[in-house]
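Asks: A single structure is presented below for examination.
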Amino acid sequence: MTRVSVVLLAIVVACALSLVTSRHQARRLYVELTREQAQARALETEYGQLQLEQSTWGMPARVEKIAREQLRMQLPSAARMDVVTLPHS
Amino acid sequence: MNAGILATGRTSRHRAAAPLVLPRFRSPLVFGALAMLFAVLLARSLYLQGFDNAFLQGQGTARHSRELEVPAHRGRIVDRSGEALALSTPVKSLWAFPDKFDATREQIASLAAILDTTPQKISAQLSANEDFAFIAKQVAPELAERAMALRIPGLHDQNEYRRFYPGGEVTAQIVGFTGDHDIGQEGIELAQQGWLAGVPGSRRVIINRRNEAVEDVAAIRAPQAGHDLALSIDARLQYLAFRELKAAVELNKAKAGGLVILDVKTGEILALANWPSYNPNSRNKVMPSTMRNRALTDTFEPGSTMKPFTIAAALEAGRVRPDTVIETAPGTLTIGPNTIHDAHAEGALTVEQVIQKSSNVGAAKIALNLPSETMWEMFSSAGFGSVPRTGFPGEVSGRLRPAKTWRPIEQATMAYGHGISVNLVQLARAYTIFATDGEVKSATLLKTDGFVAGRPVLKPATAHAVRHMLELVTSAGGTAPRAQVAGYRVAGKTGTAHKIEGHAYTNKFIASFVGFAPVSNPRIVVAVMLDEPSAGQYYGGAVAAPVFSIVTGAALRMLGVPTDAPQNNVILPPDGGEIREET
């Protein structure tokens with residue numbers, strides 16, 4: 001009878017300890033998850049801003065302005081254009 | 001208390017020295033009273049624990065757990081090559097419970113500095129509403145983080161998304177915009193709300209005393225991001241169309257204008273520009289009229305751009321051949337009490353020349369030889385009088401009355417585009433008939449992959465005959481030599497129509513040009529419309545054709561379409577020798 005009790009007591013203590021460790025694990029993992037989620041959000045924010053930046057810098061109006069004003073590019077008139085037909089290969 | 005009573009009892013016993021006989025019922029009575037109290041306690045605790053527990057548990061949960069909404073990302077709107085036209089980026093809003101907001105003067109000052117406002121404004125926002133106050137709406141996340149780093153009690157932040165439109169006024173009318181709560185208000189944002197919108201998720205968390213989440217209990221719903229949407233629009237062509245349209249409206253002092261570029265092979269709308277326009281990113285001072293997508297939601301009387309359809313109906317019915325001679329002298333045609341005029345009388349013209357020189361009398365005479373049903377059939381199958389179904393909200397059908405109600409004078413005026421109303425996209429779409437082998441392609445604003453079959457309207461031979469006539473329009477002897485493009489053969493038709501105000505025609509005009517190129521294998525249809533040009537010139541050939549020329553040339557080069565004419569193909573008539581069309 002006593003032996004059975006001792007065994008049961010040992011099982012109960014083991015269960016209790018494992019519960020404690022698993023709770024601790026869960027807390028730790030949750031903190032980690034929160035950190036990763038925060039990072040995901042930060043990356044998403046950055047991605048959105050980069051997308052916005054890309055499309056703002058790449059606006060045809062801006063590209064054209066720089067091409068015309070800074071790089072002094074211009075469209076050639078038809079008279080200054082030559083169309084070359086590629087030889088059939 | 002009891003001890004006191006007992007002690008008193010004892011002293012009295014000593015004093016009296018007589019044996020005290022307790023009443024026999026006394027101890028059961030005390031025992032019974034105590035037991036009853038216990039029973040009441042037991043019953044109460046049983047009741048709280050077992051029967052009425054829902055309310056208490058709810059209260060308990062409310063004190064330590066919260067349901068947080070997780071905002072969902074709204075899908076992007078992109079052009080056909082993936083260039084973003086509308087996108088959402090995460091931002092933060094700062095808010096507070098004014099009664100719990102407790103900041104020192106320095107904290108408020110530094111908060112105001114971070115948010116680029118004044119302490120007075122922040123105080124005003126806090127005192128405006130005693131339950132809830134926004135301190136700053138939709139600010140950049142790093143600003144919000146700096147503000148939260150001040151650790152002001154009662155100041156909170158929340159994650160939101162803000163919609164940006166990189167295309168600004170260039171794509172404003174197509175894309176539209178969203179209002180509060182990310183709900184589409186105009187344009188594609190409205191039409192495709194269900195596809196673009198995400199479903200916000202929610203999760204339940206356990207919070208500590210400082211309102212910080214310490215444990216996720218359950219994700220109740222994962223947020224579902226909205227879907228991206230690819231439009232048929234080509235951002236480069238759209239910008240080109242917008243730039244040239246704006247320049248033309250300003251040059252000709254017009255009230256408004258529209259320009260549509262359609263892909264002949266698929267019916268996709270590659271560009272759809274409107275002027276006046278607005279900036280969807282800052283809509284504080286926007287006139288509602290600038291938000292209208294005129295090319296789809298406004299109709300106008302097209303004028304001479306309808307003539308090719310009249311001629312096509314007559315050719316298809318076998319009533320005329322391209323070289324049939326029509327007598328247009330003396331430049332008038334009287335039907336009952338009404339008279340149709342050609343301001344520039346021409347004499348005998350072939351059917352080809354009726355189109356080339358845009359003779360009203362010629363077109364009317366050809367139309368009067370046709371049953372009204374045949375003409376109606378032609379107009380209707382070309383898509384006039386029915387909604388274009390491009391997937392845009394608020395598009396209109398225009399007006400095409402049933403053939404039975406046509407009087408002869410109406411049939412004659414409809415031959416040259418009066419008494420019928422269309423929108424610009426309908427007009428562009430109808431010209432795909434002449435740009436293909438007689439098939440009309442349905443116009444769409446959504447990207448389509450691969451070849452799209454059209455609906456046959458004309459025999460290929462008829463379509464080719466009309467295409468040839470339309471090319472003559474842009475020759476030196478036509479009404480639109482200025483539509484010519486170096487290196488490409490182009491075809492099209494001018495339109496110059498009196499505007500109707502109330503029920504009467506006025507001396508204000510709508511100038512238009514609809515055409516396609518390259519003629520040897522058409523790739524794009526371009527339709528230009530200018531409303532009330534008032535800088536002296538108002539003929540479609542003088543006002544709209546040059547816009548067509550610039551846009552078509554540049555668009556074909558951007559699309560990499562091989563040239564089908566030498567570079568020196570543009571031949572303009574001598575000064576003053578231009579053919580003016582009839583209005």
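Identifiers for the structure tokens are assigned positionally: chains receive A, B, ... in sequence, residues are indexed from 1 per chain, and ligands are indexed from 1 in the order shown.
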Hey, list the chain B side of the contact with chain A: 9 Å cut-off, only C-alpha atoms, answer as a ChimeraX atom specification.
Replies: /B:83-85,87-91,141,164-167,214-216,235-236,239-240,243,486-487,563,566-568
Asks: Which polymer residues have any atom within 8 Å of an atom of B:Lys246, counting only C-alpha atoms, with same-chain residues fewer than 2 positions away left out, as a ChimeraX atom specification?
Replies: /B:242-244,248-250,257,275-276
Asks: Using C-alpha atoms, can you write the selected residues to a file as a PDB file, in the first residue's frame?
Replies:
ATOM      1  CA  PHE B 242      -2.613  62.608 -69.722  1.00  0.00           C
ATOM      2  CA  ARG B 243       0.289  64.956 -70.508  1.00  0.00           C
ATOM      3  CA  GLU B 244      -0.760  65.529 -74.108  1.00  0.00           C
ATOM      4  CA  ALA B 248      -4.147  70.368 -75.639  1.00  0.00           C
ATOM      5  CA  VAL B 249      -6.938  71.440 -73.282  1.00  0.00           C
ATOM      6  CA  GLU B 250      -4.820  74.344 -72.079  1.00  0.00           C
ATOM      7  CA  GLY B 257     -11.151  66.735 -72.453  1.00  0.00           C
ATOM      8  CA  TRP B 275      -8.767  66.694 -67.718  1.00  0.00           C
ATOM      9  CA  PRO B 276      -9.537  68.501 -65.400  1.00  0.00           C
TER      10      PRO B 276
END
Asks: Within stretch 258-490 of chain B, find each residue whose DSSP state, derived from the backbone, is alpha helix (DSSP H), and express the selection as a PDB file with C-alpha atoms, in the first residue's frame.
Replies:
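Contents of out-v4.pdb, as written:
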ATOM      1  CA  ARG B 294     -15.902  61.838 -68.337  1.00  0.00           C
ATOM      2  CA  ALA B 295     -14.778  59.316 -70.904  1.00  0.00           C
ATOM      3  CA  LEU B 296     -17.169  56.771 -69.349  1.00  0.00           C
ATOM      4  CA  THR B 297     -19.798  58.704 -67.426  1.00  0.00           C
ATOM      5  CA  LYS B 307     -20.314  58.812 -90.565  1.00  0.00           C
ATOM      6  CA  PRO B 308     -18.129  55.708 -91.096  1.00  0.00           C
ATOM      7  CA  PHE B 309     -20.861  53.589 -89.486  1.00  0.00           C
ATOM      8  CA  THR B 310     -23.526  54.994 -91.807  1.00  0.00           C
ATOM      9  CA  ILE B 311     -21.311  54.312 -94.804  1.00  0.00           C
ATOM     10  CA  ALA B 312     -20.471  50.832 -93.481  1.00  0.00           C
ATOM     11  CA  ALA B 313     -24.176  50.021 -93.144  1.00  0.00           C
ATOM     12  CA  ALA B 314     -24.790  51.172 -96.744  1.00  0.00           C
ATOM     13  CA  LEU B 315     -21.791  49.198 -98.072  1.00  0.00           C
ATOM     14  CA  GLU B 316     -22.823  46.101 -96.140  1.00  0.00           C
ATOM     15  CA  VAL B 351     -18.601  57.644-101.201  1.00  0.00           C
ATOM     16  CA  GLU B 352     -14.902  57.605-100.292  1.00  0.00           C
ATOM     17  CA  GLN B 353     -14.746  61.377-100.667  1.00  0.00           C
ATOM     18  CA  VAL B 354     -17.898  61.857 -98.562  1.00  0.00           C
ATOM     19  CA  ILE B 355     -15.867  60.420 -95.680  1.00  0.00           C
ATOM     20  CA  GLN B 356     -12.596  62.081 -96.666  1.00  0.00           C
ATOM     21  CA  ASN B 360     -23.104  66.067 -94.280  1.00  0.00           C
ATOM     22  CA  VAL B 361     -25.321  66.161 -97.364  1.00  0.00           C
ATOM     23  CA  GLY B 362     -23.535  63.137 -98.812  1.00  0.00           C
ATOM     24  CA  ALA B 363     -23.873  61.108 -95.601  1.00  0.00           C
ATOM     25  CA  ALA B 364     -27.543  62.119 -95.243  1.00  0.00           C
ATOM     26  CA  LYS B 365     -28.347  61.122 -98.826  1.00  0.00           C
ATOM     27  CA  ILE B 366     -26.718  57.712 -98.324  1.00  0.00           C
ATOM     28  CA  ALA B 367     -28.589  57.230 -95.038  1.00  0.00           C
ATOM     29  CA  LEU B 368     -31.977  58.122 -96.558  1.00  0.00           C
ATOM     30  CA  SER B 372     -33.981  52.915 -90.562  1.00  0.00           C
ATOM     31  CA  GLU B 373     -33.760  49.389 -89.060  1.00  0.00           C
ATOM     32  CA  THR B 374     -30.567  48.680 -91.016  1.00  0.00           C
ATOM     33  CA  MET B 375     -28.939  51.814 -89.669  1.00  0.00           C
ATOM     34  CA  TRP B 376     -30.152  51.126 -86.145  1.00  0.00           C
ATOM     35  CA  GLU B 377     -28.849  47.568 -86.424  1.00  0.00           C
ATOM     36  CA  MET B 378     -25.423  48.888 -87.436  1.00  0.00           C
ATOM     37  CA  PHE B 379     -25.226  51.487 -84.645  1.00  0.00           C
ATOM     38  CA  SER B 380     -26.519  49.080 -82.037  1.00  0.00           C
ATOM     39  CA  SER B 381     -24.199  46.219 -82.946  1.00  0.00           C
ATOM     40  CA  PRO B 408     -36.616  61.044 -92.001  1.00  0.00           C
ATOM     41  CA  ILE B 409     -34.879  64.251 -90.841  1.00  0.00           C
ATOM     42  CA  GLU B 410     -33.668  62.426 -87.737  1.00  0.00           C
ATOM     43  CA  GLN B 411     -32.361  59.542 -89.807  1.00  0.00           C
ATOM     44  CA  ALA B 412     -30.519  62.070 -91.974  1.00  0.00           C
ATOM     45  CA  THR B 413     -28.931  63.906 -89.007  1.00  0.00           C
ATOM     46  CA  MET B 414     -28.054  60.670 -87.266  1.00  0.00           C
ATOM     47  CA  ALA B 415     -26.052  59.728 -90.360  1.00  0.00           C
ATOM     48  CA  LEU B 424     -15.739  58.297 -75.594  1.00  0.00           C
ATOM     49  CA  VAL B 425     -15.025  54.674 -74.687  1.00  0.00           C
ATOM     50  CA  GLN B 426     -18.017  53.506 -76.753  1.00  0.00           C
ATOM     51  CA  LEU B 427     -16.691  55.488 -79.689  1.00  0.00           C
ATOM     52  CA  ALA B 428     -13.179  54.064 -79.368  1.00  0.00           C
ATOM     53  CA  ARG B 429     -14.558  50.549 -78.979  1.00  0.00           C
ATOM     54  CA  ALA B 430     -16.775  50.912 -82.075  1.00  0.00           C
ATOM     55  CA  THR B 432     -12.202  48.388 -83.405  1.00  0.00           C
ATOM     56  CA  ILE B 433     -14.632  47.198 -86.115  1.00  0.00           C
ATOM     57  CA  PHE B 434     -12.603  49.027 -88.776  1.00  0.00           C
ATOM     58  CA  ALA B 435      -9.263  48.259 -87.112  1.00  0.00           C
ATOM     59  CA  PRO B 460     -14.014  41.758 -93.649  1.00  0.00           C
ATOM     60  CA  ALA B 461     -14.246  43.334 -97.128  1.00  0.00           C
ATOM     61  CA  THR B 462     -16.543  46.106 -95.843  1.00  0.00           C
ATOM     62  CA  ALA B 463     -14.281  46.789 -92.861  1.00  0.00           C
ATOM     63  CA  HIS B 464     -11.248  47.044 -95.147  1.00  0.00           C
ATOM     64  CA  ALA B 465     -13.087  49.399 -97.520  1.00  0.00           C
ATOM     65  CA  VAL B 466     -14.003  51.739 -94.640  1.00  0.00           C
ATOM     66  CA  ARG B 467     -10.470  51.501 -93.266  1.00  0.00           C
ATOM     67  CA  HIS B 468      -9.155  52.701 -96.601  1.00  0.00           C
ATOM     68  CA  MET B 469     -11.594  55.663 -96.553  1.00  0.00           C
ATOM     69  CA  LEU B 470     -10.463  56.535 -93.031  1.00  0.00           C
ATOM     70  CA  GLU B 471      -6.852  56.554 -94.184  1.00  0.00           C
ATOM     71  CA  LEU B 472      -7.816  59.059 -96.889  1.00  0.00           C
ATOM     72  CA  VAL B 473      -9.147  61.363 -94.134  1.00  0.00           C
TER      73      VAL B 473
END
Asks: Using DSSP assignments from the backbone, pull out every residue in stretch 375-449 of chain B that falls under strand (DSSP E or B) and give it to me as number ranges by chain.
Replies: B: 399, 421-422, 439-440, 444, 446
Asks: Next, the residues of the selection above should be written as a compact mmCIF listing (two decimals), in the first residue's frame with C-alpha atoms.
Replies:
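So the final result, stored in result.txt, reads:
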# COMPACT_ATOMS: atom_id res chain seq x y z
CA ARG B 399 -28.85 57.42 -76.32
CA SER B 421 -25.25 60.43 -77.86
CA VAL B 422 -22.24 58.31 -76.97
CA GLU B 439 -15.22 42.57 -85.29
CA VAL B 440 -16.05 44.67 -82.25
CA THR B 444 -12.31 46.33 -70.39
CA LEU B 446 -9.06 44.77 -66.23
Asks: Counting only C-alpha atoms, what is within 12 Å of stretch 389-393 of chain B, bar same-chain residues fewer than 4 positions away, as a PyMOL selection string?
Replies: chain B and resi 173-176+184-193+231-232+262+267-269+272+292-297+383+397+425-426+429+441-448
Asks: What is the atom CA of B:Ile261 to atom CA of B:Gly478 distance in Å?
Replies: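 Computing the Euclidean distance for atom CA of B:Ile261 and atom CA of B:Gly478 yields 22.9 Å.
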Asks: Leaving out B:Val551 and any residue of its chain fewer than 5 positions from it, which residues lie within 9 Å of it when counting only C-alpha atoms, given as a PDB file with C-alpha atoms, in the first residue's frame?
Replies:
ATOM      1  CA  LEU B 237       0.843  55.309 -72.006  1.00  0.00           C
ATOM      2  CA  LEU B 240       1.655  60.173 -72.149  1.00  0.00           C
ATOM      3  CA  ALA B 241      -2.088  60.460 -72.791  1.00  0.00           C
ATOM      4  CA  GLU B 244      -0.760  65.529 -74.108  1.00  0.00           C
ATOM      5  CA  LEU B 245      -4.443  65.872 -73.274  1.00  0.00           C
ATOM      6  CA  VAL B 526      -6.957  56.333 -79.999  1.00  0.00           C
ATOM      7  CA  PRO B 546      -2.669  66.886 -83.536  1.00  0.00           C
ATOM      8  CA  LEU B 556       3.442  52.939 -81.027  1.00  0.00           C
TER       9      LEU B 556
END
Asks: Just want the 6 Å neighbourhood of stretch 125-138 of chain B, counted on only C-alpha atoms, with same-chain residues fewer than 4 positions away dropped. Output as a ChimeraX atom specification.
Replies: /B:91-98
Asks: Which residues come within 8 Å of B:Gly540, counting only C-alpha atoms, excluding same-chain residues fewer than 6 positions away, as a list in words?
Replies: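 Contacts, in chain order: Ala480, Thr494, Gly495, Thr496, Ile510, Ala511, Ser512 and Phe513 of chain B.
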Asks: Output N, CA and C atoms for every residue in that selection, as a short mmCIF file (atom, residue, chain, number, x, y, z; two decimals), in the first residue's frame.
Replies:
data_model
loop_
_atom_site.label_atom_id
_atom_site.label_comp_id
_atom_site.auth_asym_id
_atom_site.auth_seq_id
_atom_site.Cartn_x
_atom_site.Cartn_y
_atom_site.Cartn_z
N ALA B 480 -8.21 65.74 -91.86
CA ALA B 480 -7.29 65.64 -90.72
C ALA B 480 -5.87 65.30 -91.13
N THR B 494 -12.53 62.72 -88.15
CA THR B 494 -12.72 63.89 -87.30
C THR B 494 -14.19 64.02 -86.93
N GLY B 495 -14.45 64.76 -85.86
CA GLY B 495 -15.81 65.11 -85.51
C GLY B 495 -15.81 66.52 -84.94
N THR B 496 -16.75 67.34 -85.39
CA THR B 496 -16.91 68.68 -84.82
C THR B 496 -18.41 68.87 -84.66
N ILE B 510 -17.88 70.50 -79.70
CA ILE B 510 -17.08 69.39 -79.17
C ILE B 510 -16.25 68.88 -80.34
N ALA B 511 -14.96 68.99 -80.20
CA ALA B 511 -14.07 68.54 -81.27
C ALA B 511 -13.51 67.18 -80.91
N SER B 512 -13.51 66.27 -81.89
CA SER B 512 -13.01 64.94 -81.57
C SER B 512 -12.25 64.35 -82.74
N PHE B 513 -11.46 63.34 -82.44
CA PHE B 513 -10.81 62.55 -83.48
C PHE B 513 -10.69 61.13 -82.96
#
Asks: Select, from B:Glu69, B:Leu251, B:Met36, B:Gly398, the residue with the minimum atom-to-atom distance to B:Arg204, counting only C-alpha atoms.
Replies: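 Nearest candidate to B:Arg204 out of B:Glu69, B:Leu251, B:Met36, B:Gly398: B:Glu69.
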Asks: One decimal, Å: what's the distance from atom CA of B:Ala343 over to atom CA of B:Gly331, could you say?
Replies: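 One can read the atom CA of B:Ala343 to atom CA of B:Gly331 distance as 7.1 Å.
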Asks: Do you know which residues are at most 8 Å from B:Ile114 counting only C-alpha atoms, after dropping those on the same chain fewer than 2 positions away, and could you put them as number ranges by chain?
Replies: B: 110-112, 116-117, 143, 146-147
